[in-house]
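> upload.cif is reproduced in full below (mmCIF, C-alpha atoms).
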data_structure
loop_
_atom_site.label_atom_id
_atom_site.label_comp_id
_atom_site.auth_asym_id
_atom_site.auth_seq_id
_atom_site.Cartn_x
_atom_site.Cartn_y
_atom_site.Cartn_z
CA MET A 1 221.03 75.46 -177.90
CA THR A 2 223.00 75.78 -174.69
CA THR A 3 224.98 78.80 -173.62
CA LEU A 4 228.60 78.77 -172.55
CA LEU A 5 227.49 78.64 -168.94
CA GLY A 6 225.34 75.62 -169.62
CA VAL A 7 221.96 77.32 -169.20
CA PRO A 8 219.71 76.69 -172.21
CA GLU A 9 218.53 79.78 -174.02
CA VAL A 10 214.85 78.81 -173.56
CA VAL A 11 215.41 78.96 -169.80
CA ILE A 12 216.96 82.43 -170.04
CA ASP A 13 213.98 83.49 -172.16
CA ARG A 14 211.58 82.47 -169.37
CA LEU A 15 213.39 84.22 -166.52
CA PRO A 16 212.11 87.73 -167.37
CA ILE A 17 208.56 86.36 -167.27
CA TYR A 18 209.16 85.00 -163.78
CA ALA A 19 210.83 88.28 -162.76
CA ARG A 20 207.84 90.25 -163.99
CA ALA A 21 205.32 88.09 -162.13
CA LEU A 22 207.39 88.35 -158.95
CA ALA A 23 207.61 92.14 -159.26
CA MET A 24 203.81 92.21 -159.52
CA LEU A 25 203.43 90.01 -156.42
CA GLU A 26 205.93 92.20 -154.58
CA MET A 27 203.87 95.30 -155.40
CA GLN A 28 200.82 93.52 -154.02
CA GLY A 29 202.71 92.98 -150.76
CA ARG A 30 203.03 89.20 -151.11
CA GLN A 31 205.92 87.68 -149.17
CA VAL A 32 205.91 84.04 -150.28
CA VAL A 33 204.75 82.28 -153.43
CA SER A 34 204.72 78.59 -154.34
CA SER A 35 205.84 77.24 -157.70
CA GLN A 36 202.23 76.01 -158.08
CA GLU A 37 200.80 79.51 -157.79
CA LEU A 38 203.46 81.06 -159.99
CA GLY A 39 202.94 78.32 -162.56
CA ALA A 40 199.16 78.74 -162.57
CA GLU A 41 199.57 82.49 -163.11
CA LEU A 42 201.99 82.04 -166.00
CA GLY A 43 200.73 78.89 -167.68
CA VAL A 44 203.93 76.96 -166.90
CA THR A 45 204.15 73.75 -164.86
CA PRO A 46 205.53 74.08 -161.30
CA ALA A 47 208.16 71.46 -162.21
CA GLN A 48 209.36 73.66 -165.08
CA ILE A 49 209.74 76.66 -162.79
CA ARG A 50 211.68 74.65 -160.20
CA LYS A 51 213.91 73.16 -162.89
CA ASP A 52 214.57 76.54 -164.54
CA LEU A 53 215.52 78.15 -161.22
CA SER A 54 217.70 75.20 -160.20
CA TYR A 55 220.29 76.28 -162.78
CA PHE A 56 221.05 79.25 -160.58
CA GLY A 57 221.10 77.70 -157.12
CA ARG A 58 218.54 76.94 -154.44
CA PHE A 59 215.89 79.61 -153.98
CA GLY A 60 213.18 77.93 -151.95
CA LYS A 61 212.69 75.27 -149.32
CA GLN A 62 210.63 72.22 -150.26
CA GLY A 63 207.05 72.93 -149.25
CA ARG A 64 207.80 76.47 -148.09
CA GLY A 65 207.58 78.38 -151.36
CA TYR A 66 209.81 81.19 -152.56
CA ASN A 67 210.55 84.43 -150.75
CA VAL A 68 209.08 86.88 -153.29
CA GLN A 69 211.39 89.81 -152.61
CA ARG A 70 214.56 87.75 -152.51
CA LEU A 71 213.78 85.77 -155.67
CA ALA A 72 212.77 88.95 -157.52
CA ALA A 73 216.09 90.57 -156.57
CA GLU A 74 218.10 87.46 -157.49
CA LEU A 75 216.48 87.22 -160.91
CA LYS A 76 217.10 90.91 -161.59
CA GLY A 77 220.76 90.36 -160.74
CA ILE A 78 221.06 87.23 -162.88
CA LEU A 79 219.47 88.99 -165.86
CA GLY A 80 221.42 92.22 -165.42
CA LEU A 81 218.25 94.24 -164.78
CA ASP A 82 219.69 96.03 -161.77
CA ARG A 83 221.35 98.64 -163.98
CA GLU A 84 220.42 101.05 -166.76
CA TRP A 85 220.84 100.03 -170.40
CA ARG A 86 221.40 102.64 -173.07
CA MET A 87 219.90 102.18 -176.51
CA VAL A 88 219.85 103.95 -179.86
CA LEU A 89 216.98 103.74 -182.30
CA VAL A 90 217.66 103.63 -186.04
CA GLY A 91 214.64 104.33 -188.24
CA VAL A 92 212.02 106.88 -187.18
CA GLY A 93 209.00 106.05 -189.35
CA ASN A 94 205.65 105.05 -187.86
CA LEU A 95 207.20 102.11 -186.09
CA GLY A 96 210.15 104.09 -184.79
CA ARG A 97 207.76 106.73 -183.43
CA ALA A 98 205.70 104.07 -181.67
CA ILE A 99 208.93 102.76 -180.15
CA LEU A 100 209.95 106.26 -178.99
CA SER A 101 206.56 106.82 -177.37
CA TYR A 102 206.49 103.44 -175.66
CA ARG A 103 206.83 103.96 -171.91
CA GLY A 104 207.64 100.32 -171.18
CA PHE A 105 211.31 100.59 -172.11
CA ALA A 106 212.28 103.38 -169.73
CA GLU A 107 210.15 101.95 -166.92
CA GLU A 108 212.28 98.82 -167.03
CA GLY A 109 215.62 100.62 -167.26
CA PHE A 110 216.06 100.63 -171.05
CA ARG A 111 216.68 104.21 -172.12
CA ILE A 112 216.66 105.40 -175.73
CA VAL A 113 219.42 108.01 -175.75
CA ALA A 114 219.38 108.92 -179.46
CA ALA A 115 217.47 108.29 -182.68
CA PHE A 116 218.71 108.27 -186.27
CA ASP A 117 217.08 108.37 -189.69
CA ARG A 118 218.15 108.95 -193.27
CA ASN A 119 215.09 110.97 -194.27
CA ALA A 120 215.83 114.71 -194.44
CA ASP A 121 212.21 115.53 -193.48
CA THR A 122 212.52 113.59 -190.25
CA ILE A 123 216.02 114.68 -189.21
CA GLY A 124 215.79 117.52 -186.69
CA GLU A 125 212.28 116.64 -185.56
CA THR A 126 211.75 115.73 -181.92
CA PHE A 127 209.62 112.79 -180.78
CA ASP A 128 209.02 112.18 -177.10
CA GLY A 129 211.99 114.32 -176.17
CA VAL A 130 214.45 112.68 -178.57
CA GLU A 131 215.74 114.72 -181.52
CA VAL A 132 216.25 112.71 -184.71
CA GLN A 133 219.82 112.87 -186.04
CA SER A 134 221.17 112.03 -189.48
CA ILE A 135 222.23 108.41 -189.77
CA ALA A 136 225.58 109.76 -190.95
CA ASN A 137 226.20 110.76 -187.31
CA LEU A 138 225.69 107.23 -185.99
CA PRO A 139 229.33 105.99 -185.96
CA ARG A 140 230.54 109.23 -184.33
CA PHE A 141 227.77 109.07 -181.70
CA LEU A 142 228.62 105.46 -180.83
CA LYS A 143 232.30 106.32 -180.46
CA ASP A 144 231.50 109.15 -178.05
CA ASN A 145 228.71 107.54 -176.01
CA PRO A 146 228.33 104.18 -174.32
CA VAL A 147 225.45 102.32 -175.98
CA GLN A 148 224.67 98.66 -175.38
CA VAL A 149 221.63 98.02 -177.56
CA GLY A 150 220.63 99.16 -181.05
CA ILE A 151 216.96 99.07 -182.05
CA VAL A 152 216.62 98.52 -185.80
CA ALA A 153 213.33 99.87 -187.18
CA VAL A 154 214.32 100.45 -190.80
CA SER A 155 213.03 98.57 -193.84
CA ALA A 156 214.30 95.10 -194.71
CA ALA A 157 216.50 96.47 -197.49
CA GLY A 158 218.54 98.70 -195.17
CA ALA A 159 218.61 96.60 -192.03
CA GLN A 160 221.79 94.56 -192.44
CA GLU A 161 223.84 97.67 -193.23
CA VAL A 162 222.54 99.39 -190.10
CA VAL A 163 223.35 96.33 -188.02
CA ASP A 164 226.86 96.17 -189.47
CA THR A 165 227.42 99.82 -188.52
CA LEU A 166 226.12 99.25 -184.99
CA VAL A 167 228.26 96.15 -184.48
CA ALA A 168 231.38 97.74 -186.00
CA ASN A 169 231.04 100.52 -183.44
CA GLY A 170 230.79 98.28 -180.41
CA VAL A 171 227.06 97.66 -179.97
CA ARG A 172 226.61 94.07 -178.79
CA GLY A 173 222.82 93.82 -178.52
CA ILE A 174 220.41 94.22 -181.45
CA LEU A 175 216.64 94.45 -181.16
CA ASN A 176 215.52 93.90 -184.74
CA TYR A 177 212.11 94.88 -186.11
CA ALA A 178 213.07 94.40 -189.78
CA PRO A 179 211.67 91.25 -191.39
CA ILE A 180 214.98 89.66 -192.40
CA ALA A 181 217.36 87.05 -191.03
CA LEU A 182 220.21 89.18 -189.74
CA HIS A 183 223.81 88.10 -189.71
CA VAL A 184 225.69 89.09 -186.58
CA PRO A 185 229.15 88.02 -185.45
CA PRO A 186 229.74 85.75 -182.43
CA GLY A 187 229.46 87.66 -179.17
CA THR A 188 226.61 89.81 -180.49
CA ARG A 189 223.04 89.05 -179.39
CA ALA A 190 220.19 89.75 -181.79
CA LYS A 191 216.49 89.35 -181.02
CA ASP A 192 213.84 89.63 -183.69
CA ILE A 193 210.52 91.28 -182.92
CA GLU A 194 208.65 89.64 -185.68
CA PRO A 195 204.86 89.78 -185.78
CA VAL A 196 204.59 87.89 -189.06
CA LEU A 197 206.65 84.94 -187.83
CA ALA A 198 204.54 84.85 -184.68
CA LEU A 199 201.37 84.75 -186.80
CA GLN A 200 202.80 82.11 -189.11
CA SER A 201 203.32 79.63 -186.31
CA MET A 202 199.97 80.53 -184.71
CA THR A 203 198.14 79.54 -187.88
CA TYR A 204 199.42 75.96 -187.52
CA TYR A 205 197.15 75.68 -184.51
CA LEU A 206 194.30 77.77 -185.90
CA LYS A 207 194.01 76.16 -189.30
CA GLY A 208 192.00 73.16 -188.14
CA ALA A 209 189.86 75.16 -185.75
CA THR A 210 188.63 78.26 -187.55
CA SER A 211 186.42 79.21 -190.44
CA MET B 1 205.56 71.76 -174.20
CA THR B 2 204.24 69.34 -176.78
CA THR B 3 201.12 69.86 -178.86
CA LEU B 4 198.27 67.39 -179.17
CA LEU B 5 199.80 66.09 -182.38
CA GLY B 6 203.10 65.50 -180.67
CA VAL B 7 205.08 68.23 -182.41
CA PRO B 8 206.85 70.46 -179.89
CA GLU B 9 205.91 74.13 -180.03
CA VAL B 10 209.55 75.17 -180.52
CA VAL B 11 209.57 73.14 -183.74
CA ILE B 12 206.40 74.84 -184.98
CA ASP B 13 208.00 78.20 -184.14
CA ARG B 14 210.97 77.39 -186.41
CA LEU B 15 208.94 76.25 -189.44
CA PRO B 16 208.03 79.79 -190.62
CA ILE B 17 211.72 80.67 -190.58
CA TYR B 18 212.47 77.70 -192.84
CA ALA B 19 209.49 78.60 -195.05
CA ARG B 20 210.75 82.16 -195.42
CA ALA B 21 214.28 81.07 -196.36
CA LEU B 22 212.89 78.61 -198.89
CA ALA B 23 210.65 81.28 -200.44
CA MET B 24 213.74 83.47 -200.84
CA LEU B 25 215.69 80.63 -202.50
CA GLU B 26 212.72 79.92 -204.76
CA MET B 27 212.67 83.56 -205.87
CA GLN B 28 216.37 83.26 -206.66
CA GLY B 29 215.57 80.30 -208.91
CA ARG B 30 217.25 77.68 -206.72
CA GLN B 31 215.93 74.13 -207.21
CA VAL B 32 217.71 72.17 -204.50
CA VAL B 33 219.13 73.10 -201.10
CA SER B 34 220.99 71.00 -198.53
CA SER B 35 220.28 71.11 -194.81
CA GLN B 36 223.88 72.35 -194.44
CA GLU B 37 223.25 75.40 -196.62
CA LEU B 38 219.88 76.13 -195.06
CA GLY B 39 221.38 75.76 -191.60
CA ALA B 40 224.31 78.05 -192.38
CA GLU B 41 221.91 80.71 -193.68
CA LEU B 42 219.68 80.54 -190.60
CA GLY B 43 222.15 79.83 -187.82
CA VAL B 44 220.63 76.41 -187.06
CA THR B 45 222.45 73.07 -187.22
CA PRO B 46 221.66 70.84 -190.22
CA ALA B 47 220.73 68.07 -187.76
CA GLN B 48 218.15 70.36 -186.17
CA ILE B 49 216.56 71.12 -189.54
CA ARG B 50 216.41 67.43 -190.49
CA LYS B 51 214.92 66.54 -187.11
CA ASP B 52 212.33 69.33 -187.23
CA LEU B 53 211.19 68.32 -190.70
CA SER B 54 211.09 64.63 -189.82
CA TYR B 55 207.97 65.27 -187.70
CA PHE B 56 206.08 65.84 -190.92
CA GLY B 57 207.40 63.05 -193.14
CA ARG B 58 210.33 62.57 -195.50
CA PHE B 59 211.19 65.60 -197.58
CA GLY B 60 214.64 64.90 -198.94
CA LYS B 61 216.86 62.00 -199.98
CA GLN B 62 220.06 61.42 -198.01
CA GLY B 63 222.81 63.35 -199.78
CA ARG B 64 220.48 64.84 -202.39
CA GLY B 65 219.17 67.89 -200.55
CA TYR B 66 215.63 69.24 -200.53
CA ASN B 67 213.57 70.21 -203.56
CA VAL B 68 213.10 73.91 -202.76
CA GLN B 69 209.72 74.41 -204.43
CA ARG B 70 208.19 71.24 -203.01
CA LEU B 71 209.42 71.83 -199.46
CA ALA B 72 208.29 75.46 -199.55
CA ALA B 73 204.80 74.38 -200.64
CA GLU B 74 204.65 71.59 -198.04
CA LEU B 75 205.60 73.96 -195.23
CA LYS B 76 203.03 76.51 -196.33
CA GLY B 77 200.40 73.79 -196.23
CA ILE B 78 201.50 72.51 -192.83
CA LEU B 79 201.43 76.01 -191.36
CA GLY B 80 198.17 77.02 -193.02
CA LEU B 81 199.83 79.78 -195.02
CA ASP B 82 198.13 78.80 -198.27
CA ARG B 83 195.02 80.81 -197.39
CA GLU B 84 194.10 84.33 -196.30
CA TRP B 85 193.75 85.16 -192.61
CA ARG B 86 191.49 87.98 -191.50
CA MET B 87 192.47 90.13 -188.54
CA VAL B 88 191.06 93.03 -186.54
CA LEU B 89 193.21 95.60 -184.78
CA VAL B 90 192.15 96.97 -181.40
CA GLY B 91 193.97 100.14 -180.31
CA VAL B 92 194.95 102.78 -182.87
CA GLY B 93 197.57 104.87 -181.07
CA ASN B 94 201.15 105.22 -182.39
CA LEU B 95 201.68 101.48 -182.23
CA GLY B 96 198.36 100.67 -183.87
CA ARG B 97 199.15 103.12 -186.68
CA ALA B 98 202.55 101.49 -187.23
CA ILE B 99 200.77 98.13 -187.41
CA LEU B 100 198.25 99.46 -189.95
CA SER B 101 201.03 100.86 -192.12
CA TYR B 102 203.13 97.71 -191.96
CA ARG B 103 203.12 96.06 -195.42
CA GLY B 104 204.48 92.75 -194.14
CA PHE B 105 201.14 91.45 -192.89
CA ALA B 106 199.19 91.71 -196.15
CA GLU B 107 202.16 90.47 -198.20
CA GLU B 108 202.03 87.24 -196.25
CA GLY B 109 198.26 86.82 -196.41
CA PHE B 110 197.33 88.43 -193.09
CA ARG B 111 194.75 91.10 -193.81
CA ILE B 112 193.58 93.71 -191.28
CA VAL B 113 189.89 94.07 -192.12
CA ALA B 114 188.89 96.54 -189.38
CA ALA B 115 190.34 98.68 -186.59
CA PHE B 116 188.78 99.75 -183.30
CA ASP B 117 189.58 102.36 -180.66
CA ARG B 118 187.84 103.95 -177.68
CA ASN B 119 189.19 107.45 -178.28
CA ALA B 120 186.56 109.75 -179.82
CA ASP B 121 189.28 111.76 -181.60
CA THR B 122 190.54 108.68 -183.41
CA ILE B 123 187.19 107.08 -184.30
CA GLY B 124 186.25 107.93 -187.87
CA GLU B 125 189.81 108.64 -188.97
CA THR B 126 191.28 106.50 -191.74
CA PHE B 127 194.79 105.04 -191.62
CA ASP B 128 196.17 103.15 -194.59
CA GLY B 129 192.69 102.63 -195.95
CA VAL B 130 191.14 101.33 -192.72
CA GLU B 131 188.55 103.50 -190.96
CA VAL B 132 188.72 103.38 -187.18
CA GLN B 133 185.45 102.27 -185.56
CA SER B 134 184.27 102.64 -181.98
CA ILE B 135 185.25 99.70 -179.82
CA ALA B 136 181.57 99.44 -178.92
CA ASN B 137 181.07 98.02 -182.43
CA LEU B 138 183.56 95.20 -181.95
CA PRO B 139 181.18 92.40 -180.81
CA ARG B 140 178.70 93.20 -183.59
CA PHE B 141 181.48 93.27 -186.20
CA LEU B 142 182.82 89.91 -185.08
CA LYS B 143 179.34 88.36 -185.23
CA ASP B 144 178.86 89.59 -188.80
CA ASN B 145 182.36 88.95 -190.21
CA PRO B 146 184.71 85.99 -190.09
CA VAL B 147 187.85 87.04 -188.21
CA GLN B 148 190.53 84.61 -187.07
CA VAL B 149 193.07 86.85 -185.35
CA GLY B 150 192.79 89.87 -183.06
CA ILE B 151 195.74 92.23 -182.72
CA VAL B 152 195.77 93.86 -179.29
CA ALA B 153 197.59 97.21 -179.28
CA VAL B 154 195.91 98.86 -176.29
CA SER B 155 197.55 99.70 -172.95
CA ALA B 156 198.19 97.03 -170.33
CA ALA B 157 195.21 98.18 -168.26
CA GLY B 158 192.67 97.54 -170.99
CA ALA B 159 194.20 94.51 -172.69
CA GLN B 160 192.57 91.61 -170.85
CA GLU B 161 189.09 93.07 -171.36
CA VAL B 162 189.74 93.43 -175.10
CA VAL B 163 190.99 89.85 -175.28
CA ASP B 164 187.92 88.59 -173.41
CA THR B 165 185.66 90.37 -175.91
CA LEU B 166 187.58 88.94 -178.87
CA VAL B 167 187.51 85.41 -177.47
CA ALA B 168 183.84 85.61 -176.45
CA ASN B 169 183.03 86.47 -180.05
CA GLY B 170 184.87 83.58 -181.62
CA VAL B 171 188.38 84.90 -182.27
CA ARG B 172 190.84 82.07 -181.61
CA GLY B 173 194.16 83.77 -182.31
CA ILE B 174 195.53 86.75 -180.36
CA LEU B 175 198.61 88.77 -181.31
CA ASN B 176 199.30 90.73 -178.14
CA TYR B 177 201.42 93.87 -177.96
CA ALA B 178 200.31 94.82 -174.42
CA PRO B 179 202.93 94.15 -171.72
CA ILE B 180 200.85 91.78 -169.58
CA ALA B 181 200.46 88.04 -169.11
CA LEU B 182 197.14 87.39 -170.82
CA HIS B 183 194.72 84.73 -169.76
CA VAL B 184 193.09 82.88 -172.64
CA PRO B 185 190.93 79.75 -172.56
CA PRO B 186 192.12 76.40 -173.96
CA GLY B 187 191.81 76.28 -177.73
CA THR B 188 192.85 79.92 -178.08
CA ARG B 189 196.40 80.75 -179.21
CA ALA B 190 198.03 83.92 -177.93
CA LYS B 191 201.46 85.22 -178.97
CA ASP B 192 203.12 88.14 -177.23
CA ILE B 193 205.13 90.66 -179.20
CA GLU B 194 207.14 91.86 -176.32
CA PRO B 195 210.21 94.01 -176.86
CA VAL B 196 210.92 94.42 -173.16
CA LEU B 197 210.95 90.68 -172.47
CA ALA B 198 213.25 90.21 -175.46
CA LEU B 199 215.61 92.86 -174.06
CA GLN B 200 215.46 91.39 -170.57
CA SER B 201 216.78 88.04 -171.70
CA MET B 202 219.34 89.66 -174.01
CA THR B 203 220.89 91.50 -171.07
CA TYR B 204 221.77 88.16 -169.46
CA TYR B 205 224.30 87.71 -172.24
CA LEU B 206 225.34 91.35 -172.49
CA LYS B 207 225.93 92.04 -168.83
CA GLY B 208 229.36 90.46 -168.68
CA ALA B 209 230.47 91.84 -172.01
CA THR B 210 229.57 95.52 -172.16
CA SER B 211 230.44 98.73 -170.47
#
Take the structure I supplied and represent it as structure tokens, if you would.

Amino acid sequence: MTTLLGVPEVVIDRLPIYARALAMLEMQGRQVVSSQELGAELGVTPAQIRKDLSYFGRFGKQGRGYNVQRLAAELKGILGLDREWRMVLVGVGNLGRAILSYRGFAEEGFRIVAAFDRNADTIGETFDGVEVQSIANLPRFLKDNPVQVGIVAVSAAGAQEVVDTLVANGVRGILNYAPIALHVPPGTRAKDIEPVLALQSMTYYLKGATS
Amino acid sequence: MTTLLGVPEVVIDRLPIYARALAMLEMQGRQVVSSQELGAELGVTPAQIRKDLSYFGRFGKQGRGYNVQRLAAELKGILGLDREWRMVLVGVGNLGRAILSYRGFAEEGFRIVAAFDRNADTIGETFDGVEVQSIANLPRFLKDNPVQVGIVAVSAAGAQEVVDTLVANGVRGILNYAPIALHVPPGTRAKDIEPVLALQSMTYYLKGATS
């Protein structure tokens, strides 16, 4: 699968991992890093790192390594991480509450601006500073507020309908926790956070090795 | 990245998705499915499906489609999904509680047999039928009970230590929810469930398109 710009999706998927490692090195005060070191840290070959980065221009001199600060900034720009992203959460059960309490989103510029549920007991409650609204308010909210990403944390049965509502109201990014294969129109990006699928490919490797 | 058996990891990662779609078709009473239909359902090209399956032998006759029941059973066997897998959960905060209440694991044969935390307030509490034990008990538990997968739902700061304990006591599969790059020895499989990384590659595609 290759994107319109010719950069394979697997390459795009690796860039945030590089960006994260570089941010860590930057915090440690490192100025230069080689593709060997970066590769050893991340479990990727140096050749892979050089090839992935080559899609976006020349970032290092042969034998000199990468300038940590510059490459970190470039990757943030390429990925669009130099701005804030606004998200809504739909579904405030146990999973939704864990998502609301997770600090990692806001730290990286992903802000949950509103949360929605259909359960009357949950509507009106506040979790980590976000008051839960009725899902009936979702279309109105999306019309009045810029939102780029919808987090779907409802059950499988309700997930496609929620996604359709999000997409119909201009949300182009879906982070899906429901265990179904979503249908989204072209131009919409959906990512599945799917622990069972992750386990089900892991077992291919474990099945010969474990008791 | 190619495995020892020569099947690329990206292919293995797609097999559970095929297996899930086939299980759904089987439930609907379908007997035969073409790679075209399966591809249309999953957003994968028919050629990709045929190529992925060809690593494991011949499953369909040209122009005749796949026998749904047979292919579903074959994929389950290949992936090791025809048995029960035993898991422990480490970290019983909001996220850990969402994991314990998630029905999708047990439905697919992944059973959480014990949960561990370091917080004295949480130890002794029961969530969804699992009593939380002190993390000090973890090595002993793993010596006495067969466990194939460890779910890591602790904070970034404590995650590597938890993984080291799991691996030192024979656990070969790690499902990691902590936002760090884990180090695991060869022969151990680790999968990251990483919402922020998923968002950070999604924004590459969204950045040109959204407000």
> Residues within 9 Å of region 134-148 of chain B, please, as a ChimeraX atom specification. Count all atoms listed in the file; anything in the same chain fewer than 4 positions from it doesn't count.
/A:206,210-211 /B:85-88,90-91,113-120,122-124,165-166,168-174
> Find the residues around region 153-157 of chain B up to 8 Å (all atoms listed in the file counted), leave out those fewer than 6 positions away in its own chain, and share them as a PyMOL selection string.
chain B and resi 89-93+95-96+176-180
> Go ahead and dump the residues you just picked, C-alpha atoms, as a CSV table (one decimal), in the coordinates of the input.

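Saved result, part.csv, follows:
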chain,number,residue,atom,x,y,z
B,89,LEU,CA,193.2,95.6,-184.8
B,90,VAL,CA,192.2,97.0,-181.4
B,91,GLY,CA,194.0,100.1,-180.3
B,92,VAL,CA,195.0,102.8,-182.9
B,93,GLY,CA,197.6,104.9,-181.1
B,95,LEU,CA,201.7,101.5,-182.2
B,96,GLY,CA,198.4,100.7,-183.9
B,176,ASN,CA,199.3,90.7,-178.1
B,177,TYR,CA,201.4,93.9,-178.0
B,178,ALA,CA,200.3,94.8,-174.4
B,179,PRO,CA,202.9,94.2,-171.7
B,180,ILE,CA,200.8,91.8,-169.6
> Check what the PyMOL selection byres ((chain B) within 8 of (chain A)) selects in the file above and give those residues as a PyMOL selection string.
chain B and resi 12-17+42+78-81+94-95+97-99+101+104-105+108+146+148+172-173+175+179+181+189-191+193-207+210-211
> With 12 Å as the cut-off and only C-alpha atoms counted, what is the closest atom pair between each nearby residue of region 11-41 of chain B and region 62-67 of chain B? Distances in Å to one decimal, ordered by chain and number, as JSON lines.

{"residue": "B:Tyr18", "atom": "CA", "partner": "B:Tyr66", "partner_atom": "CA", "distance": 11.9}
{"residue": "B:Leu22", "atom": "CA", "partner": "B:Asn67", "partner_atom": "CA", "distance": 9.6}
{"residue": "B:Ala23", "atom": "CA", "partner": "B:Asn67", "partner_atom": "CA", "distance": 11.9}
{"residue": "B:Leu25", "atom": "CA", "partner": "B:Asn67", "partner_atom": "CA", "distance": 10.7}
{"residue": "B:Glu26", "atom": "CA", "partner": "B:Asn67", "partner_atom": "CA", "distance": 9.8}
{"residue": "B:Gly29", "atom": "CA", "partner": "B:Asn67", "partner_atom": "CA", "distance": 11.6}
{"residue": "B:Arg30", "atom": "CA", "partner": "B:Asn67", "partner_atom": "CA", "distance": 8.9}
{"residue": "B:Gln31", "atom": "CA", "partner": "B:Asn67", "partner_atom": "CA", "distance": 5.9}
{"residue": "B:Val32", "atom": "CA", "partner": "B:Asn67", "partner_atom": "CA", "distance": 4.7}
{"residue": "B:Val33", "atom": "CA", "partner": "B:Gly65", "partner_atom": "CA", "distance": 5.2}
{"residue": "B:Ser34", "atom": "CA", "partner": "B:Gly65", "partner_atom": "CA", "distance": 4.1}
{"residue": "B:Ser35", "atom": "CA", "partner": "B:Gly65", "partner_atom": "CA", "distance": 6.7}
{"residue": "B:Gln36", "atom": "CA", "partner": "B:Gly65", "partner_atom": "CA", "distance": 8.9}
{"residue": "B:Glu37", "atom": "CA", "partner": "B:Gly65", "partner_atom": "CA", "distance": 9.4}
{"residue": "B:Leu38", "atom": "CA", "partner": "B:Tyr66", "partner_atom": "CA", "distance": 9.8}
> How many Å lie between CA of Arg111 (chain A) and CA of Glu74 (chain A), rounded to one decimal?
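Pair CA of Arg111 (chain A) / CA of Glu74 (chain A) returns 22.3 Å.
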> What does the distance from CA of Gly158 (chain B) to CA of Val130 (chain A) come to in Å, to one decimal?
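A separation of 27.6 Å between them.
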